[in-house]
Every structure is written in structure tokens, then in C-alpha cells.
$ cat target-v6.pdb   # PDB, C-alpha atoms, pLDDT in the B column
ATOM      1  CA  MET A  24      23.007 161.887-144.534  1.00 53.00           C
ATOM      2  CA  LYS A  25      23.834 161.585-140.836  1.00 53.00           C
ATOM      3  CA  PHE A  26      25.551 158.287-141.543  1.00 48.00           C
ATOM      4  CA  VAL A  27      27.749 159.963-144.172  1.00 51.00           C
ATOM      5  CA  ILE A  28      28.859 162.673-141.746  1.00 54.00           C
ATOM      6  CA  VAL A  29      29.665 160.163-139.024  1.00 50.00           C
ATOM      7  CA  PHE A  30      31.454 157.926-141.526  1.00 50.00           C
ATOM      8  CA  VAL A  31      33.586 160.817-142.830  1.00 54.00           C
ATOM      9  CA  ALA A  32      34.481 161.871-139.291  1.00 55.00           C
ATOM     10  CA  LEU A  33      35.446 158.348-138.250  1.00 54.00           C
ATOM     11  CA  PHE A  34      37.374 157.832-141.477  1.00 55.00           C
ATOM     12  CA  GLY A  35      39.331 161.009-140.793  1.00 61.00           C
ATOM     13  CA  LEU A  36      40.109 159.876-137.277  1.00 57.00           C
ATOM     14  CA  ALA A  37      41.280 156.501-138.579  1.00 61.00           C
ATOM     15  CA  LEU A  38      43.600 158.182-141.073  1.00 60.00           C
ATOM     16  CA  ALA A  39      44.980 160.392-138.342  1.00 60.00           C
ATOM     17  CA  ALA A  40      45.528 157.443-136.013  1.00 57.00           C
ATOM     18  CA  PRO A  41      49.107 157.358-134.769  1.00 53.00           C
ATOM     19  CA  PRO A  42      51.497 154.481-135.451  1.00 53.00           C
ATOM     20  CA  GLN A  43      52.151 152.024-132.614  1.00 64.00           C
ATOM     21  CA  ASP A  44      55.107 153.951-131.151  1.00 84.00           C
ATOM     22  CA  ALA A  45      53.333 157.329-130.944  1.00 86.00           C
ATOM     23  CA  VAL A  46      50.977 158.455-128.193  1.00 92.00           C
ATOM     24  CA  VAL A  47      47.916 160.623-128.720  1.00 93.00           C
ATOM     25  CA  THR A  48      48.535 163.798-126.749  1.00 95.00           C
ATOM     26  CA  ARG A  49      45.286 165.568-127.655  1.00 95.00           C
ATOM     27  CA  GLN A  50      42.057 164.376-129.186  1.00 95.00           C
ATOM     28  CA  ASP A  51      38.793 166.265-129.527  1.00 96.00           C
ATOM     29  CA  SER A  52      35.724 165.510-131.596  1.00 95.00           C
ATOM     30  CA  GLU A  53      32.149 166.619-131.885  1.00 95.00           C
ATOM     31  CA  VAL A  54      29.699 164.980-134.255  1.00 94.00           C
ATOM     32  CA  GLY A  55      26.257 166.402-134.804  1.00 93.00           C
ATOM     33  CA  PRO A  56      23.457 165.637-137.227  1.00 90.00           C
ATOM     34  CA  GLN A  57      24.526 168.332-139.699  1.00 91.00           C
ATOM     35  CA  SER A  58      28.187 168.978-138.864  1.00 94.00           C
ATOM     36  CA  TYR A  59      31.282 167.519-137.279  1.00 96.00           C
ATOM     37  CA  GLN A  60      34.754 168.507-136.189  1.00 97.00           C
ATOM     38  CA  TYR A  61      37.796 166.729-134.841  1.00 97.00           C
ATOM     39  CA  ALA A  62      41.388 167.442-133.872  1.00 97.00           C
ATOM     40  CA  VAL A  63      44.163 165.051-132.927  1.00 97.00           C
ATOM     41  CA  GLU A  64      47.847 165.498-132.063  1.00 96.00           C
ATOM     42  CA  THR A  65      50.435 162.811-131.403  1.00 95.00           C
ATOM     43  CA  SER A  66      53.717 162.664-129.544  1.00 93.00           C
ATOM     44  CA  ASP A  67      55.660 162.247-132.797  1.00 92.00           C
ATOM     45  CA  GLY A  68      54.665 165.706-134.058  1.00 92.00           C
ATOM     46  CA  LYS A  69      51.700 164.768-136.244  1.00 95.00           C
ATOM     47  CA  SER A  70      48.460 166.684-136.092  1.00 96.00           C
ATOM     48  CA  ALA A  71      45.198 166.773-138.007  1.00 97.00           C
ATOM     49  CA  SER A  72      41.981 168.694-137.695  1.00 97.00           C
ATOM     50  CA  GLU A  73      38.883 168.927-139.808  1.00 97.00           C
ATOM     51  CA  GLU A  74      35.420 170.386-139.727  1.00 97.00           C
ATOM     52  CA  GLY A  75      32.539 169.748-142.055  1.00 96.00           C
ATOM     53  CA  HIS A  76      28.944 170.754-142.471  1.00 95.00           C
ATOM     54  CA  ILE A  77      26.056 170.248-144.852  1.00 93.00           C
ATOM     55  CA  GLU A  78      25.457 173.010-147.362  1.00 92.00           C
ATOM     56  CA  ASN A  79      22.009 173.568-148.869  1.00 90.00           C
ATOM     57  CA  LEU A  80      20.339 171.170-146.455  1.00 89.00           C
ATOM     58  CA  GLY A  81      17.297 169.546-148.042  1.00 88.00           C
ATOM     59  CA  ALA A  82      17.959 171.024-151.475  1.00 90.00           C
ATOM     60  CA  GLU A  83      18.696 169.043-154.621  1.00 90.00           C
ATOM     61  CA  ASP A  84      22.313 170.251-154.523  1.00 89.00           C
ATOM     62  CA  GLU A  85      22.851 169.305-150.850  1.00 90.00           C
ATOM     63  CA  ALA A  86      26.538 168.554-150.234  1.00 91.00           C
ATOM     64  CA  ILE A  87      29.116 168.237-147.503  1.00 92.00           C
ATOM     65  CA  SER A  88      31.660 171.045-147.262  1.00 95.00           C
ATOM     66  CA  VAL A  89      34.890 170.224-145.423  1.00 96.00           C
ATOM     67  CA  LYS A  90      37.989 172.178-144.457  1.00 97.00           C
ATOM     68  CA  GLY A  91      40.958 170.925-142.531  1.00 97.00           C
ATOM     69  CA  GLN A  92      44.677 170.529-142.135  1.00 97.00           C
ATOM     70  CA  PHE A  93      47.283 167.955-141.293  1.00 97.00           C
ATOM     71  CA  SER A  94      50.981 168.199-140.547  1.00 96.00           C
ATOM     72  CA  TYR A  95      53.860 165.870-139.878  1.00 95.00           C
ATOM     73  CA  ILE A  96      57.614 165.944-139.480  1.00 92.00           C
ATOM     74  CA  GLY A  97      59.332 164.411-142.499  1.00 91.00           C
ATOM     75  CA  GLU A  98      62.392 162.185-142.427  1.00 90.00           C
ATOM     76  CA  ASP A  99      64.400 165.298-143.350  1.00 93.00           C
ATOM     77  CA  GLY A 100      63.294 166.997-140.091  1.00 92.00           C
ATOM     78  CA  VAL A 101      61.086 169.514-141.905  1.00 93.00           C
ATOM     79  CA  THR A 102      57.482 169.992-140.748  1.00 94.00           C
ATOM     80  CA  TYR A 103      55.106 169.624-143.676  1.00 95.00           C
ATOM     81  CA  GLN A 104      51.627 171.095-143.492  1.00 96.00           C
ATOM     82  CA  VAL A 105      48.706 170.709-145.842  1.00 96.00           C
ATOM     83  CA  THR A 106      45.494 172.706-145.597  1.00 97.00           C
ATOM     84  CA  TYR A 107      42.526 171.726-147.711  1.00 96.00           C
ATOM     85  CA  ILE A 108      38.958 172.368-148.675  1.00 96.00           C
ATOM     86  CA  ALA A 109      36.697 169.652-150.053  1.00 94.00           C
ATOM     87  CA  ASP A 110      33.350 170.782-151.360  1.00 92.00           C
ATOM     88  CA  LYS A 111      31.255 170.874-154.520  1.00 90.00           C
ATOM     89  CA  ASN A 112      34.378 172.081-156.350  1.00 90.00           C
ATOM     90  CA  GLY A 113      36.406 168.997-155.358  1.00 92.00           C
ATOM     91  CA  PHE A 114      39.436 168.462-153.141  1.00 93.00           C
ATOM     92  CA  GLN A 115      41.687 171.550-153.020  1.00 92.00           C
ATOM     93  CA  PRO A 116      44.910 171.003-151.042  1.00 94.00           C
ATOM     94  CA  GLN A 117      47.522 173.691-150.394  1.00 93.00           C
ATOM     95  CA  GLY A 118      50.999 173.345-148.960  1.00 93.00           C
ATOM     96  CA  ALA A 119      54.390 174.952-149.504  1.00 90.00           C
ATOM     97  CA  HIS A 120      55.787 171.610-150.697  1.00 90.00           C
ATOM     98  CA  LEU A 121      52.946 170.817-153.129  1.00 87.00           C
ATOM     99  CA  PRO A 122      53.214 171.656-156.830  1.00 88.00           C
ATOM    100  CA  VAL A 123      51.005 174.487-158.058  1.00 83.00           C
ATOM    101  CA  GLU A 124      49.201 174.418-161.363  1.00 82.00           C
ATOM    102  CA  PRO A 125      50.657 177.041-163.705  1.00 85.00           C
ATOM    103  CA  LYS A 126      48.451 180.073-164.300  1.00 84.00           C
ATOM    104  CA  VAL A 127      47.358 180.436-167.887  1.00 80.00           C
TER
END
$ encode --input "target-v6.pdb" --output "C-alpha cells"
Amino acid sequence: MKFVIVFVALFGLALAAPPQDAVVTRQDSEVGPQSYQYAVETSDGKSASEEGHIENLGAEDEAISVKGQFSYIGEDGVTYQVTYIADKNGFQPQGAHLPVEPKV
């Protein structure tokens, strides 16, 4: 399970890695045996942060619960932000620019 947490944290950092022309202006991370968190910001206006922990440790329904956000400046000059939760209920993103499922 520790490997999974470390892998998820490193995968998130890789996804948040800046392109060649951007410089990382802030980077923090903390990885423990049952939780992790990271935050990164770049000189081109991108940022990402995430934290995760194990729910129901040792139980049959043990799972990783994650919440985070990322933002970037689009080609139109607008800053787009997505917040999300990923847990036993799946990936649940939210953002002003994302479509919303109609309520029935």
C-alpha cells in the first residue's frame, strides 16, 4: 500500500511538471506511510496541489481518498481551475468551465 501512495504522489508531480520554458517557483511535498501531500507552482501561472490518505486502513474496503486542485492560464488569457475528489465514489472534478450533468 505504501508503494501505491508513493506512486500516486510521484505520478501527480510528474503530471504537474512544468514545460521546458517554465520555472518551478514553489514546490512542497510530504509523503508518509498512510498519507501524502504536494503542491507545485510554476512561473507560467500553473499550479497543482493534492493530498491523499488511506481510509479504513486494514479493512476489506481499504481505499485511497484524494482531494486536490490544478489551475492554468488558457490561451485565451482566462485562468481555469479544477478541484476534484477521487475516492470510493470515483473521480469527481468541478470547475466553472466543465459541463455539469443535468439534474433529473
$ resolve_selection --input "target-v6.pdb" --expression "the PyMOL selection byres ((chain A and resi 67-77) around 7)" --output "PyMOL selection string"
chain A and resi 39+45+57-66+78-80+85-96
$ axis_aligned_box --input "target-v6.pdb" --around "segment 72-81 of chain A" --padding-each-side "3 Å" --output "lines of an AutoDock Vina configuration file"
center_x = 29.6
center_y = 171.1
center_z = -143.3
size_x = 30.7
size_y = 10.9
size_z = 17.2
$ resolve_selection --input "target-v6.pdb" --expression "the PyMOL selection byres ((chain A and resi 115-117) around 12)" --output "MDAnalysis selection string"
chainID A and resid 88:94 103:114 118:124
$ atom_distance --input "target-v6.pdb" --atom1 "atom CA of Gly100 of chain A" --atom2 "atom CA of Gln50 of chain A"
24.0 Å
$ atom_distance --input "target-v6.pdb" --atom1 "atom CA of Arg49 of chain A" --atom2 "atom CA of Gly97 of chain A"
20.5 Å
